[in-house]
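Input: a single structure, listed below in structure tokens.
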2 protein chains.
Amino acid sequence: MPISSLPRLEPRLLTELGSFVGSSNVLTASTDLLAYDCDGTTLEKLPPSAVVFVSHTRQVSEIVQWCARNKISYTARGAGTGLSGGALTLDGGILIELSRMNRILSVDTRSGLAVVEPGLVNVHLTRAVSEEGYYFAPDPSSQAACTLGGNVAENSGGPHTLKYGVTTNHILGLTVVLPSGEIVEVGGECRGTPGYDLIGLFVGSEGTLGIVTRITVRLMRAPQTTRTLLLSFSSTLDASLAVSAIIAQGIIPAALEMMDRLVCEAVEKKLSLGIPEGTEAVLLVEIDGFEAGQDDLVSRIETIGSAHDALQVRAARNDAERSDLWRARKGAFGAIGSISPSYYTHDGVIPRSKLPEVLARIDEIVAEEGLRVANVFHAGDGNLHPLLLFDEREADQIVRAHRAGEAILRLCVEVGGSLTGEHGIGFEKIGAMSWLFDEATLSVMHGVRLALNPDQLCNPGKAVPSPASCREVRRVFGSKRYA
Amino acid sequence: MPISSLPRLEPRLLTELGSFVGSSNVLTASTDLLAYDCDGTTLEKLPPSAVVFVSHTRQVSEIVQWCARNKISYTARGAGTGLSGGALTLDGGILIELSRMNRILSVDTRSGLAVVEPGLVNVHLTRAVSEEGYYFAPDPSSQAACTLGGNVAENSGGPHTLKYGVTTNHILGLTVVLPSGEIVEVGGECRGTPGYDLIGLFVGSEGTLGIVTRITVRLMRAPQTTRTLLLSFSSTLDASLAVSAIIAQGIIPAALEMMDRLVCEAVEKKLSLGIPEGTEAVLLVEIDGFEAGQDDLVSRIETIGSAHDALQVRAARNDAERSDLWRARKGAFGAIGSISPSYYTHDGVIPRSKLPEVLARIDEIVAEEGLRVANVFHAGDGNLHPLLLFDEREADQIVRAHRAGEAILRLCVEVGGSLTGEHGIGFEKIGAMSWLFDEATLSVMHGVRLALNPDQLCNPGKAVPSPASCREVRRVFGSKRYA
């Protein structure tokens with residue numbers, strides 16, 4: 001977008017905005033705004049008309065009320081690591097930046113909870129409580145950068161979702177600034193707050209129902225021991241069947257991740273982990289709990305591996321070996337970066353039992369577009385992440401990557417799955433919501449949004465489509481993607 | 001209520017109602033209606049104007065639309081075991097009886113799910129899948145009678161909530177007839193359905209947002225082994241500290257139940273289980289999982305018991321002994337019935353760390369009213385069930401039982417707890433919602449209700465207060481309880 005066409009606020013409005021937070025906490029220079037023109041979804045970009053750094057709940061409330069009076073839309077943003085464009089301002093609204101609200105307000109390990117601000121980086125919470133033997137369970141790949149406010153907005157998952165659940169399972173209470181500017185307290189320190197489940201409603205609502213300014217999270221006791229295994233298979237079918245066999249035995253691994261051949265090759269080239277030749281799929285299996293009993297579980301998993309013709313089963317013998325195995329998984333995205341100029345990380349969910357057929361179909365879909373795909377994903381809960389490899393410098397490849405992505409998503413829905421496991425709908429997939437839900441169900445969601453956000457100034461065009469928001473996305477990007 | 005003052009539908013309306021389901025499936029005789037004048041909350045009673053037995057979703061939709069046209073309110077009912085009056089028709093509305101919609105429509109253990117109708121009795125589901133090694137985790141005390149539709153409405157818990165979560169954690173999908181008569185599909189077979197969390201919203205909404213007519217539930221793999229221990233303590237303080245110590249070690253028992261002296265005495269008198277003299281509190285601790293590792297956990301729990309001066313620690317050595325220990329817990333309510341003509345089962349939640357002080361205060365509160373209290377509850381998650389013992393034949397005792405109950409609930413809220421752990425708000429506690437939530441938060445809930453249930457014909461006066469519903473409860477019962 002040429003700088004001359006950036007959205008701008010009138011000078012009077014800018015002055016007013018500065019009066020809430022101090023003018024030094026409002027960014028309006030074109031060069032500054034361009035740094036906020038996207039989140040982790042970089043294919044479409046739109047800068048906000050201003051970025052406002054807030055430092056406490058009352059300030060957020062004042063700004064939200066000011067937006068309401070002036071009919072200016074707004075979007076909350078933390079670290080901007082989101083992968084569905086949830087933190088993008090679609091229509092020249094303002095960005096409310098929460099990254100400076102990053103304090104841990106209190107920790108109570110006896111009750112297993114902490115109260116934090118939304119700008120706190122995910123891993124900083126675990127670091128702060130790890131000496132006492134506690135941790136915060138949701139661990140998205142971006143956990144070194146992403147904020148808890150973002151995790152709440154997107155209901156983030158991570159490799160350990162299979163055993164420990166997603167963000168909503170770890171949130172006890174929220175302070176929310178509603179689109180009316182009112183400040184409400186939702187949930188509390190105990191389970192079982194009555195009435196409608198507003199925690200469930202706000203968590204995962206992608207910032208469309210209000211702005212969360214304080215979060216009471218559940219802390220988990222760190223397990224006494226953790227064991228990690230890497231199993232290599234000569235076919236994705238064998239690997240998929242091993243996944244099903246592990247679950248069918250009643251083992252609930254802390255993590256159960258799969259990586260396909262392309263990922264393994266890229267990882268091996270970079271890290272030399274000794275993944276055997278002929279490997280078509282690798283499973284990373286982690287179990288945790290008390291020391292007693294872990295040997296038994298490890299040998300059960302080894303047996304399942306052998307029974308499914310694993311080329312190799314490696315159980316880490318110590319922490320150093322565990323880290324090595326995790327480096328394969330955590331380094332996967334970086335390794336893919338080294339074999340392709342660009343990649344598009346997709347996010348879909350399928351019934352676990354459909355893994356082999358869906359992986360095969362994805363290969364075909366991507367081959368039809370003349371592209372390559374690398375799969376690295378949470379096999380245990382059927383949450384796929386096909387990485388579509390392409391070259392962003394070639395316009396045609398972008399189009400083909402989008403087309404392949406759309407076909408993969410349609411496939412997920414066709415087999416009884418879903419559009420997103422943990423990245424959210426954002427604006428990226430808002431047009432695809434109608435593949436999954438009929439009009440009546442979408443109307444219920446839209447009705448809920450209107451109940452809380454009647455003017456739709458709060459992060460418009462995200463998460464839940466309305467006729468207006470679908471049109472908006474098309475108008476802005478001139479695309480009919482997912483529509 | 002004298003039969004002459006029973007609410008009645010005009011003959012024309014009755015005929016129309018019969019046309020949807022066949023007149024033999026509509027009850028209108030006074031004697032029949034009196035059988036439906038309450039659920040498990042028996043202190044206040046009001047009969048419906050008709051009871052309609054439905055057999056499929058389309059019928060429910062037709063009846064709901066007919067109610068909307070005729071401005072007749074309606075309440076869904078399953079087994080009527082609810083403990084907060086959720087299935088009571090407050091204003092002469094009709095009851096829509098779902099108990100005949102009790103089929104298991106499909107079971108898919110490979111994917112760990114089943115599709116059932118709402119009238120299915122909780123334990124019948126587990127029975128149907130237990131041979132394949134699966135079960136449905138939520139196990140309210142009433143599980144031999146209560147229905148899954150009721151479990152969904154109340155977000156029911158049970159002794160195994162601590163490890164396995166409440167009903168909402170086990171529901172994947174719902175078919176719901178909205179107050180508009182529209183039929184919507186919510187959730188699905190996979191985790192991670194995007195948009196707003198409508199499963200979370202409908203589960204626990206106490207039948208105020210629509211009528212659930214089909215449920216996709218998660219089935220769990222039955223654990224390989226289960227171990228049960230009974231620990232007797234000479235003080236509730238010791239027992240409470242033992243609870244905290246177990247959790248602090250990172251042990252997550254499948255169940256962690258406490259019973260106080262009065263319950264133990266009643267149980268001992270009836271079952272002769274050998275609970276030692278001088279016992280003031282007993283803990284029933286259950287762990288489950290793979291055989292390997294269980295001995296270690298049992299000895300950890302035994303050590304914690306000894307460290308907290310347990311009078312006795314008994315670990316069941318076989319299934320027969322396990323059943324014996326559970327008989328103590330499961331027979332508690334019956335045993336209390338044998339020492340008091342009536343009892344009122346309360347339901348509150350407190351932070352676990354507050355157990356000793358709250359139990360002491362409950363004793364004082366109840367003594368001040370000249371009554372007795374027996375406590376049998378889910379200690380692991382701080383979900384109290386004080387049973388207030390009184391004699392229903394003495395009006396004054398009813399008043400005192402209510403007063404004590406109110407004081408106990410206020411105490412729960414004061415210490416940072418909540419009004420209900422698993423019984424719901426119903427009409428019973430609707431007046432108390434304002435103790436826990438400010439007006440802004442209640443307005444959010446009410447706004448959500450209006451979005452889905454604009455005419456408020458769907459189970460009015462339950463779960464979430466509106467100015468109208470509070471007045472309604474007072475008008476009907478002439479009481480200012482909790483108001």
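In the structure tokens, chains take the letters A, B, ... in the order shown, each chain's residues start at 1, and ligands count up from 1 in the order shown.
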Find the nearest atom pair between each residue of chain A and chain B for residues within 6 Å, count only C-alpha atoms, give distances in Å to one decimal, sort rows by chain and ascending number, and present the table as a tab-separated table.
```
residue	atom	partner	partner_atom	distance
A:Val184	CA	B:Thr441	CA	5.5
A:Cys190	CA	B:Gly417	CA	5.9
A:Gly192	CA	B:Gly421	CA	5.1
A:Thr193	CA	B:Ser418	CA	5.9
A:Gly195	CA	B:Ala463	CA	5.5
A:Tyr196	CA	B:Ser205	CA	5.6
A:Asp197	CA	B:Leu201	CA	5.6
A:Gly200	CA	B:Gly200	CA	5.6
A:Leu201	CA	B:Asp197	CA	5.6
A:Ser205	CA	B:Tyr196	CA	5.6
A:Arg221	CA	B:Gly250	CA	5.4
A:Gly250	CA	B:Arg221	CA	5.4
A:Ala292	CA	B:Gly293	CA	4.5
A:Gly293	CA	B:Gly293	CA	3.9
A:Pro351	CA	B:Cys190	CA	6.0
A:Gly417	CA	B:Cys190	CA	5.9
A:Ser418	CA	B:Thr193	CA	5.9
A:Gly421	CA	B:Gly192	CA	5.1
A:Thr441	CA	B:Val184	CA	5.5
A:Gly447	CA	B:Ala451	CA	5.5
A:Val448	CA	B:Val448	CA	5.8
A:Ala451	CA	B:Gly447	CA	5.5
A:Ala463	CA	B:Gly195	CA	5.4
A:Val464	CA	B:Gly195	CA	5.6
```
Check: Got a sec: who's within 12 Å of A:Ser299, counting only C-alpha atoms, leaving out chain neighbours fewer than 5 positions off, as a list of chain:residue names?
Finding: A:Arg227, A:Thr228, A:Leu229, A:Ile246, A:Ile251, A:Ile287, A:Gly293, A:Gln294, A:Ile304, A:Gly305, A:Ser306, A:Val313, A:Arg314, A:Ala315, B:Ala292
Store the residues picked out above, limited to C-alpha atoms, as a compact mmCIF listing (two decimals), in the first residue's frame.
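Output below, filename out.txt:
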```txt
# COMPACT_ATOMS: atom_id res chain seq x y z
CA ARG A 227 9.94 -39.32 28.81
CA THR A 228 10.28 -38.70 25.11
CA LEU A 229 10.46 -41.14 22.23
CA ILE A 246 -1.38 -45.73 21.42
CA ILE A 251 -2.30 -44.07 26.92
CA ILE A 287 4.63 -39.08 28.36
CA GLY A 293 5.07 -46.53 35.85
CA GLN A 294 6.91 -44.60 33.15
CA ILE A 304 3.42 -50.54 19.51
CA GLY A 305 6.21 -49.07 17.38
CA SER A 306 7.63 -52.52 16.61
CA VAL A 313 12.41 -46.43 18.06
CA ARG A 314 14.53 -44.11 20.16
CA ALA A 315 13.73 -43.39 23.77
CA ALA B 292 2.41 -50.01 36.79
```
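For B:Leu237, the list of residues within 10 Å, based on only C-alpha atoms and with local chain neighbours fewer than 3 positions off taken out, reads Phe233, Ser234, Ser240, Leu241, Ala242, Val243, Glu280, Ala281, His308, Leu355, Pro356, Glu357, Leu359 and Ala360 of chain B.
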Please write the residues from the selection above to a file, keeping N, CA and C atoms, as a PDB file, in the first residue's frame.
```pdb
ATOM      1  N   PHE B 233      -9.627 -39.613  59.914  1.00  0.00           N
ATOM      2  CA  PHE B 233      -8.875 -38.600  60.661  1.00  0.00           C
ATOM      3  C   PHE B 233      -9.667 -38.176  61.895  1.00  0.00           C
ATOM      4  N   SER B 234      -8.926 -37.750  62.912  1.00  0.00           N
ATOM      5  CA  SER B 234      -9.606 -37.312  64.128  1.00  0.00           C
ATOM      6  C   SER B 234      -9.979 -35.838  64.073  1.00  0.00           C
ATOM      7  N   SER B 240      -8.408 -32.073  55.796  1.00  0.00           N
ATOM      8  CA  SER B 240      -8.284 -31.014  54.788  1.00  0.00           C
ATOM      9  C   SER B 240      -6.836 -30.815  54.379  1.00  0.00           C
ATOM     10  N   LEU B 241      -5.935 -30.852  55.353  1.00  0.00           N
ATOM     11  CA  LEU B 241      -4.517 -30.680  55.040  1.00  0.00           C
ATOM     12  C   LEU B 241      -4.004 -31.854  54.202  1.00  0.00           C
ATOM     13  N   ALA B 242      -4.535 -33.036  54.494  1.00  0.00           N
ATOM     14  CA  ALA B 242      -4.146 -34.202  53.685  1.00  0.00           C
ATOM     15  C   ALA B 242      -4.604 -34.018  52.238  1.00  0.00           C
ATOM     16  N   VAL B 243      -5.807 -33.474  52.051  1.00  0.00           N
ATOM     17  CA  VAL B 243      -6.296 -33.187  50.692  1.00  0.00           C
ATOM     18  C   VAL B 243      -5.319 -32.260  49.975  1.00  0.00           C
ATOM     19  N   GLU B 280     -13.482 -37.957  62.876  1.00  0.00           N
ATOM     20  CA  GLU B 280     -14.216 -36.703  62.611  1.00  0.00           C
ATOM     21  C   GLU B 280     -14.373 -36.476  61.107  1.00  0.00           C
ATOM     22  N   ALA B 281     -13.502 -37.083  60.342  1.00  0.00           N
ATOM     23  CA  ALA B 281     -13.600 -36.934  58.879  1.00  0.00           C
ATOM     24  C   ALA B 281     -12.933 -38.122  58.204  1.00  0.00           C
ATOM     25  N   HIS B 308      -0.366 -36.913  58.395  1.00  0.00           N
ATOM     26  CA  HIS B 308      -1.437 -36.064  58.921  1.00  0.00           C
ATOM     27  C   HIS B 308      -2.238 -36.790  59.996  1.00  0.00           C
ATOM     28  N   LEU B 355     -10.936 -24.951  53.088  1.00  0.00           N
ATOM     29  CA  LEU B 355     -11.789 -26.027  53.627  1.00  0.00           C
ATOM     30  C   LEU B 355     -11.936 -26.004  55.154  1.00  0.00           C
ATOM     31  N   PRO B 356     -10.822 -26.003  55.913  1.00  0.00           N
ATOM     32  CA  PRO B 356     -10.991 -26.114  57.370  1.00  0.00           C
ATOM     33  C   PRO B 356     -11.827 -24.974  57.961  1.00  0.00           C
ATOM     34  N   GLU B 357     -11.503 -23.735  57.572  1.00  0.00           N
ATOM     35  CA  GLU B 357     -12.234 -22.616  58.164  1.00  0.00           C
ATOM     36  C   GLU B 357     -13.705 -22.615  57.746  1.00  0.00           C
ATOM     37  N   LEU B 359     -15.586 -25.251  56.887  1.00  0.00           N
ATOM     38  CA  LEU B 359     -16.311 -26.332  57.569  1.00  0.00           C
ATOM     39  C   LEU B 359     -16.625 -25.933  59.019  1.00  0.00           C
ATOM     40  N   ALA B 360     -15.679 -25.270  59.663  1.00  0.00           N
ATOM     41  CA  ALA B 360     -15.921 -24.822  61.047  1.00  0.00           C
ATOM     42  C   ALA B 360     -17.049 -23.792  61.087  1.00  0.00           C
TER      43      ALA B 360
END
```
Check: How many Å separate atom CA of B:Gly461 from atom CA of B:Ser49?
Finding: 16.7 Å
Checklist line | Nearby residues (only C-alpha atoms) at most 12 Å from A:Gly331, same-chain spacing under 2 positions excluded, as an MDAnalysis selection string | finding: chainID A and resid 141 259 263:264 266:273 323:329 333:338 376
Next item on the list: Would you list the contacts of A:Arg100 as a list of chain:residue names, taking every protein, DNA or RNA residue within 12 Å and counting only C-alpha atoms, but skipping same-chain residues closer than 5 positions in sequence?
Entry: A:Asn25, A:Val52, A:Phe53, A:Val54, A:Ser55, A:His56, A:Thr57, A:Arg77, A:Gly78, A:Ala79, A:Glu117, A:Pro118, A:Gly119, A:Leu120, A:Val121, A:Thr147, A:Gly149, A:Thr213
Notebook entry, point to check: So how many Å separate atom CA of A:Val413 and atom CA of A:His385, to one decimal?
Noted result: 14.7 Å
Margin query: Please list as JSON, numbers by chain every residue within 6 Å of A:Leu95, counting only C-alpha atoms and excluding residues in the same chain fewer than 6 positions away.
Written below: {"A": [51, 74, 75, 76]}
Next item on the list: Determine which residues of stretch 220-290 of chain A receive a DSSP assignment of strand (DSSP E or B), computed from the backbone, and state them as an MDAnalysis selection string.
Entry: chainID A and resid 220:221 225:233 255:260 281:289
Write out the residues from the selection above, keeping N, CA, C and O atoms, as a JSON list (two decimals), in the first residue's frame.
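So the final result, stored in result00.json, reads:
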```json
[["chain", "number", "residue", "atom", "x", "y", "z"],
["A", 220, "MET", "N", -0.30, -25.54, 36.65],
["A", 220, "MET", "CA", -0.24, -26.99, 36.83],
["A", 220, "MET", "C", 1.03, -27.35, 37.58],
["A", 220, "MET", "O", 2.06, -26.70, 37.42],
["A", 221, "ARG", "N", 0.95, -28.41, 38.35],
["A", 221, "ARG", "CA", 2.13, -28.97, 39.00],
["A", 221, "ARG", "C", 2.99, -29.62, 37.92],
["A", 221, "ARG", "O", 2.48, -30.42, 37.13],
["A", 225, "THR", "N", 8.39, -36.55, 36.19],
["A", 225, "THR", "CA", 9.30, -37.02, 35.14],
["A", 225, "THR", "C", 8.62, -36.93, 33.78],
["A", 225, "THR", "O", 7.39, -36.98, 33.68],
["A", 226, "THR", "N", 9.44, -36.81, 32.76],
["A", 226, "THR", "CA", 8.95, -36.73, 31.39],
["A", 226, "THR", "C", 9.82, -37.64, 30.53],
["A", 226, "THR", "O", 11.03, -37.64, 30.68],
["A", 227, "ARG", "N", 9.19, -38.44, 29.70],
["A", 227, "ARG", "CA", 9.94, -39.32, 28.81],
["A", 227, "ARG", "C", 9.55, -39.00, 27.38],
["A", 227, "ARG", "O", 8.36, -38.74, 27.11],
["A", 228, "THR", "N", 10.53, -39.06, 26.51],
["A", 228, "THR", "CA", 10.28, -38.70, 25.11],
["A", 228, "THR", "C", 10.83, -39.79, 24.19],
["A", 228, "THR", "O", 11.93, -40.30, 24.43],
["A", 229, "LEU", "N", 10.04, -40.12, 23.20],
["A", 229, "LEU", "CA", 10.46, -41.14, 22.23],
["A", 229, "LEU", "C", 10.30, -40.60, 20.81],
["A", 229, "LEU", "O", 9.40, -39.79, 20.54],
["A", 230, "LEU", "N", 11.17, -41.07, 19.93],
["A", 230, "LEU", "CA", 11.05, -40.73, 18.52],
["A", 230, "LEU", "C", 10.95, -42.04, 17.75],
["A", 230, "LEU", "O", 11.82, -42.91, 17.86],
["A", 231, "LEU", "N", 9.87, -42.20, 17.00],
["A", 231, "LEU", "CA", 9.64, -43.43, 16.25],
["A", 231, "LEU", "C", 9.62, -43.09, 14.76],
["A", 231, "LEU", "O", 8.87, -42.21, 14.34],
["A", 232, "SER", "N", 10.44, -43.79, 14.01],
["A", 232, "SER", "CA", 10.50, -43.55, 12.55],
["A", 232, "SER", "C", 9.79, -44.68, 11.81],
["A", 232, "SER", "O", 9.98, -45.86, 12.15],
["A", 233, "PHE", "N", 9.00, -44.31, 10.83],
["A", 233, "PHE", "CA", 8.24, -45.31, 10.07],
["A", 233, "PHE", "C", 8.50, -45.14, 8.58],
["A", 233, "PHE", "O", 8.76, -44.02, 8.11],
["A", 255, "ALA", "N", 2.32, -35.38, 24.63],
["A", 255, "ALA", "CA", 2.39, -34.88, 23.25],
["A", 255, "ALA", "C", 2.50, -36.07, 22.32],
["A", 255, "ALA", "O", 3.07, -37.10, 22.68],
["A", 256, "LEU", "N", 1.94, -35.92, 21.13],
["A", 256, "LEU", "CA", 1.98, -37.00, 20.13],
["A", 256, "LEU", "C", 1.99, -36.32, 18.77],
["A", 256, "LEU", "O", 0.95, -36.03, 18.19],
["A", 257, "GLU", "N", 3.21, -36.02, 18.32],
["A", 257, "GLU", "CA", 3.41, -35.19, 17.14],
["A", 257, "GLU", "C", 3.89, -36.03, 15.96],
["A", 257, "GLU", "O", 4.63, -36.99, 16.14],
["A", 258, "MET", "N", 3.47, -35.64, 14.77],
["A", 258, "MET", "CA", 3.95, -36.34, 13.58],
["A", 258, "MET", "C", 4.65, -35.35, 12.63],
["A", 258, "MET", "O", 4.25, -34.20, 12.53],
["A", 259, "MET", "N", 5.70, -35.84, 11.98],
["A", 259, "MET", "CA", 6.37, -35.05, 10.96],
["A", 259, "MET", "C", 6.55, -35.94, 9.74],
["A", 259, "MET", "O", 6.89, -37.12, 9.89],
["A", 260, "ASP", "N", 6.34, -35.39, 8.54],
["A", 260, "ASP", "CA", 6.44, -36.25, 7.36],
["A", 260, "ASP", "C", 7.84, -36.21, 6.75],
["A", 260, "ASP", "O", 8.75, -35.58, 7.29],
["A", 281, "ALA", "N", 7.68, -41.00, 7.87],
["A", 281, "ALA", "CA", 6.99, -40.26, 8.94],
["A", 281, "ALA", "C", 7.65, -40.57, 10.27],
["A", 281, "ALA", "O", 8.09, -41.69, 10.51],
["A", 282, "VAL", "N", 7.70, -39.56, 11.10],
["A", 282, "VAL", "CA", 8.29, -39.72, 12.43],
["A", 282, "VAL", "C", 7.23, -39.33, 13.45],
["A", 282, "VAL", "O", 6.47, -38.39, 13.24],
["A", 283, "LEU", "N", 7.16, -40.09, 14.54],
["A", 283, "LEU", "CA", 6.29, -39.70, 15.66],
["A", 283, "LEU", "C", 7.17, -39.29, 16.82],
["A", 283, "LEU", "O", 8.12, -39.99, 17.19],
["A", 284, "LEU", "N", 6.83, -38.15, 17.40],
["A", 284, "LEU", "CA", 7.45, -37.74, 18.65],
["A", 284, "LEU", "C", 6.42, -37.97, 19.74],
["A", 284, "LEU", "O", 5.33, -37.39, 19.70],
["A", 285, "VAL", "N", 6.73, -38.85, 20.66],
["A", 285, "VAL", "CA", 5.76, -39.20, 21.70],
["A", 285, "VAL", "C", 6.35, -38.80, 23.04],
["A", 285, "VAL", "O", 7.48, -39.16, 23.36],
["A", 286, "GLU", "N", 5.56, -38.07, 23.81],
["A", 286, "GLU", "CA", 6.04, -37.69, 25.14],
["A", 286, "GLU", "C", 5.02, -38.14, 26.17],
["A", 286, "GLU", "O", 3.82, -37.98, 25.98],
["A", 287, "ILE", "N", 5.51, -38.73, 27.25],
["A", 287, "ILE", "CA", 4.63, -39.08, 28.36],
["A", 287, "ILE", "C", 5.19, -38.41, 29.60],
["A", 287, "ILE", "O", 6.38, -38.11, 29.67],
["A", 288, "ASP", "N", 4.30, -38.15, 30.56],
["A", 288, "ASP", "CA", 4.82, -37.55, 31.79],
["A", 288, "ASP", "C", 3.99, -37.99, 32.97],
["A", 288, "ASP", "O", 2.91, -38.56, 32.82],
["A", 289, "GLY", "N", 4.50, -37.77, 34.15],
["A", 289, "GLY", "CA", 3.80, -38.17, 35.36],
["A", 289, "GLY", "C", 4.81, -38.56, 36.43],
["A", 289, "GLY", "O", 5.94, -38.07, 36.41]]
```
Next item on the list: Provide the atom CA of B:Gly210 to atom CA of B:Thr42 distance in Å, to one decimal place.
Entry: 24.6 Å
Item checked: Who sits within 12 Å of B:Gly92, only C-alpha atoms, same chain under 3 positions skipped, as a ChimeraX atom specification -> /B:5-9,28,33,36-37,45-51,71-75,88-89,95,457,459-460,476
Write the selection just made, keeping N, CA and C atoms, as a CSV table (one decimal), in the first residue's frame?
```
chain,number,residue,atom,x,y,z
B,5,SER,N,-57.1,-24.9,41.6
B,5,SER,CA,-56.3,-23.8,41.1
B,5,SER,C,-55.1,-24.2,40.2
B,6,LEU,N,-55.2,-25.4,39.8
B,6,LEU,CA,-54.1,-25.8,38.8
B,6,LEU,C,-54.2,-25.0,37.6
B,7,PRO,N,-53.0,-24.7,37.0
B,7,PRO,CA,-53.0,-24.0,35.7
B,7,PRO,C,-53.7,-24.9,34.6
B,8,ARG,N,-54.4,-24.3,33.8
B,8,ARG,CA,-55.0,-25.0,32.7
B,8,ARG,C,-54.9,-24.4,31.3
B,9,LEU,N,-54.8,-25.2,30.3
B,9,LEU,CA,-54.8,-24.7,28.9
B,9,LEU,C,-56.2,-24.7,28.4
B,28,THR,N,-53.0,-34.1,30.9
B,28,THR,CA,-53.6,-32.8,31.4
B,28,THR,C,-54.5,-33.1,32.7
B,33,LEU,N,-50.7,-34.3,36.5
B,33,LEU,CA,-49.9,-33.0,36.5
B,33,LEU,C,-49.2,-32.9,37.9
B,36,TYR,N,-45.8,-34.0,38.4
B,36,TYR,CA,-44.7,-33.2,37.7
B,36,TYR,C,-44.5,-31.8,38.3
B,37,ASP,N,-45.0,-31.7,39.6
B,37,ASP,CA,-45.0,-30.4,40.2
B,37,ASP,C,-43.6,-30.0,40.8
B,45,LYS,N,-43.3,-26.3,45.0
B,45,LYS,CA,-44.0,-27.1,43.9
B,45,LYS,C,-45.0,-26.3,43.1
B,46,LEU,N,-45.0,-26.5,41.8
B,46,LEU,CA,-45.9,-25.9,40.9
B,46,LEU,C,-46.1,-26.9,39.8
B,47,PRO,N,-47.4,-27.3,39.5
B,47,PRO,CA,-47.6,-28.2,38.4
B,47,PRO,C,-47.6,-27.4,37.0
B,48,PRO,N,-47.2,-28.1,36.0
B,48,PRO,CA,-47.4,-27.5,34.6
B,48,PRO,C,-48.8,-27.5,34.2
B,49,SER,N,-49.1,-26.9,33.1
B,49,SER,CA,-50.5,-26.9,32.6
B,49,SER,C,-50.7,-28.1,31.7
B,50,ALA,N,-49.6,-28.7,31.2
B,50,ALA,CA,-49.7,-30.0,30.5
B,50,ALA,C,-48.3,-30.6,30.4
B,51,VAL,N,-48.3,-31.9,30.2
B,51,VAL,CA,-47.0,-32.6,30.0
B,51,VAL,C,-47.1,-33.2,28.6
B,71,LYS,N,-47.6,-17.7,22.9
B,71,LYS,CA,-47.0,-17.1,24.1
B,71,LYS,C,-47.2,-18.0,25.3
B,72,ILE,N,-46.9,-19.3,25.1
B,72,ILE,CA,-46.9,-20.2,26.2
B,72,ILE,C,-45.5,-20.6,26.6
B,73,SER,N,-45.2,-20.5,27.8
B,73,SER,CA,-43.8,-20.9,28.2
B,73,SER,C,-43.6,-22.4,28.3
B,74,TYR,N,-42.4,-22.9,28.2
B,74,TYR,CA,-42.2,-24.3,28.2
B,74,TYR,C,-40.9,-24.6,28.9
B,75,THR,N,-40.8,-25.8,29.5
B,75,THR,CA,-39.6,-26.3,30.2
B,75,THR,C,-39.3,-27.7,29.7
B,88,LEU,N,-38.8,-27.1,36.9
B,88,LEU,CA,-40.1,-26.6,37.4
B,88,LEU,C,-40.7,-25.6,36.4
B,89,THR,N,-42.0,-25.8,36.1
B,89,THR,CA,-42.7,-24.7,35.3
B,89,THR,C,-43.2,-23.6,36.3
B,95,LEU,N,-44.7,-28.7,30.2
B,95,LEU,CA,-43.4,-29.5,30.3
B,95,LEU,C,-43.2,-30.3,29.0
B,457,LEU,N,-39.7,-17.4,26.6
B,457,LEU,CA,-40.7,-18.4,26.9
B,457,LEU,C,-40.0,-19.7,27.2
B,459,ASN,N,-38.0,-21.9,29.3
B,459,ASN,CA,-37.6,-22.1,30.7
B,459,ASN,C,-37.4,-20.8,31.5
B,460,PRO,N,-38.4,-19.9,31.6
B,460,PRO,CA,-38.2,-18.6,32.2
B,460,PRO,C,-37.9,-18.7,33.7
B,476,VAL,N,-44.5,-15.9,42.9
B,476,VAL,CA,-45.0,-17.2,42.9
B,476,VAL,C,-44.9,-17.8,44.3
```
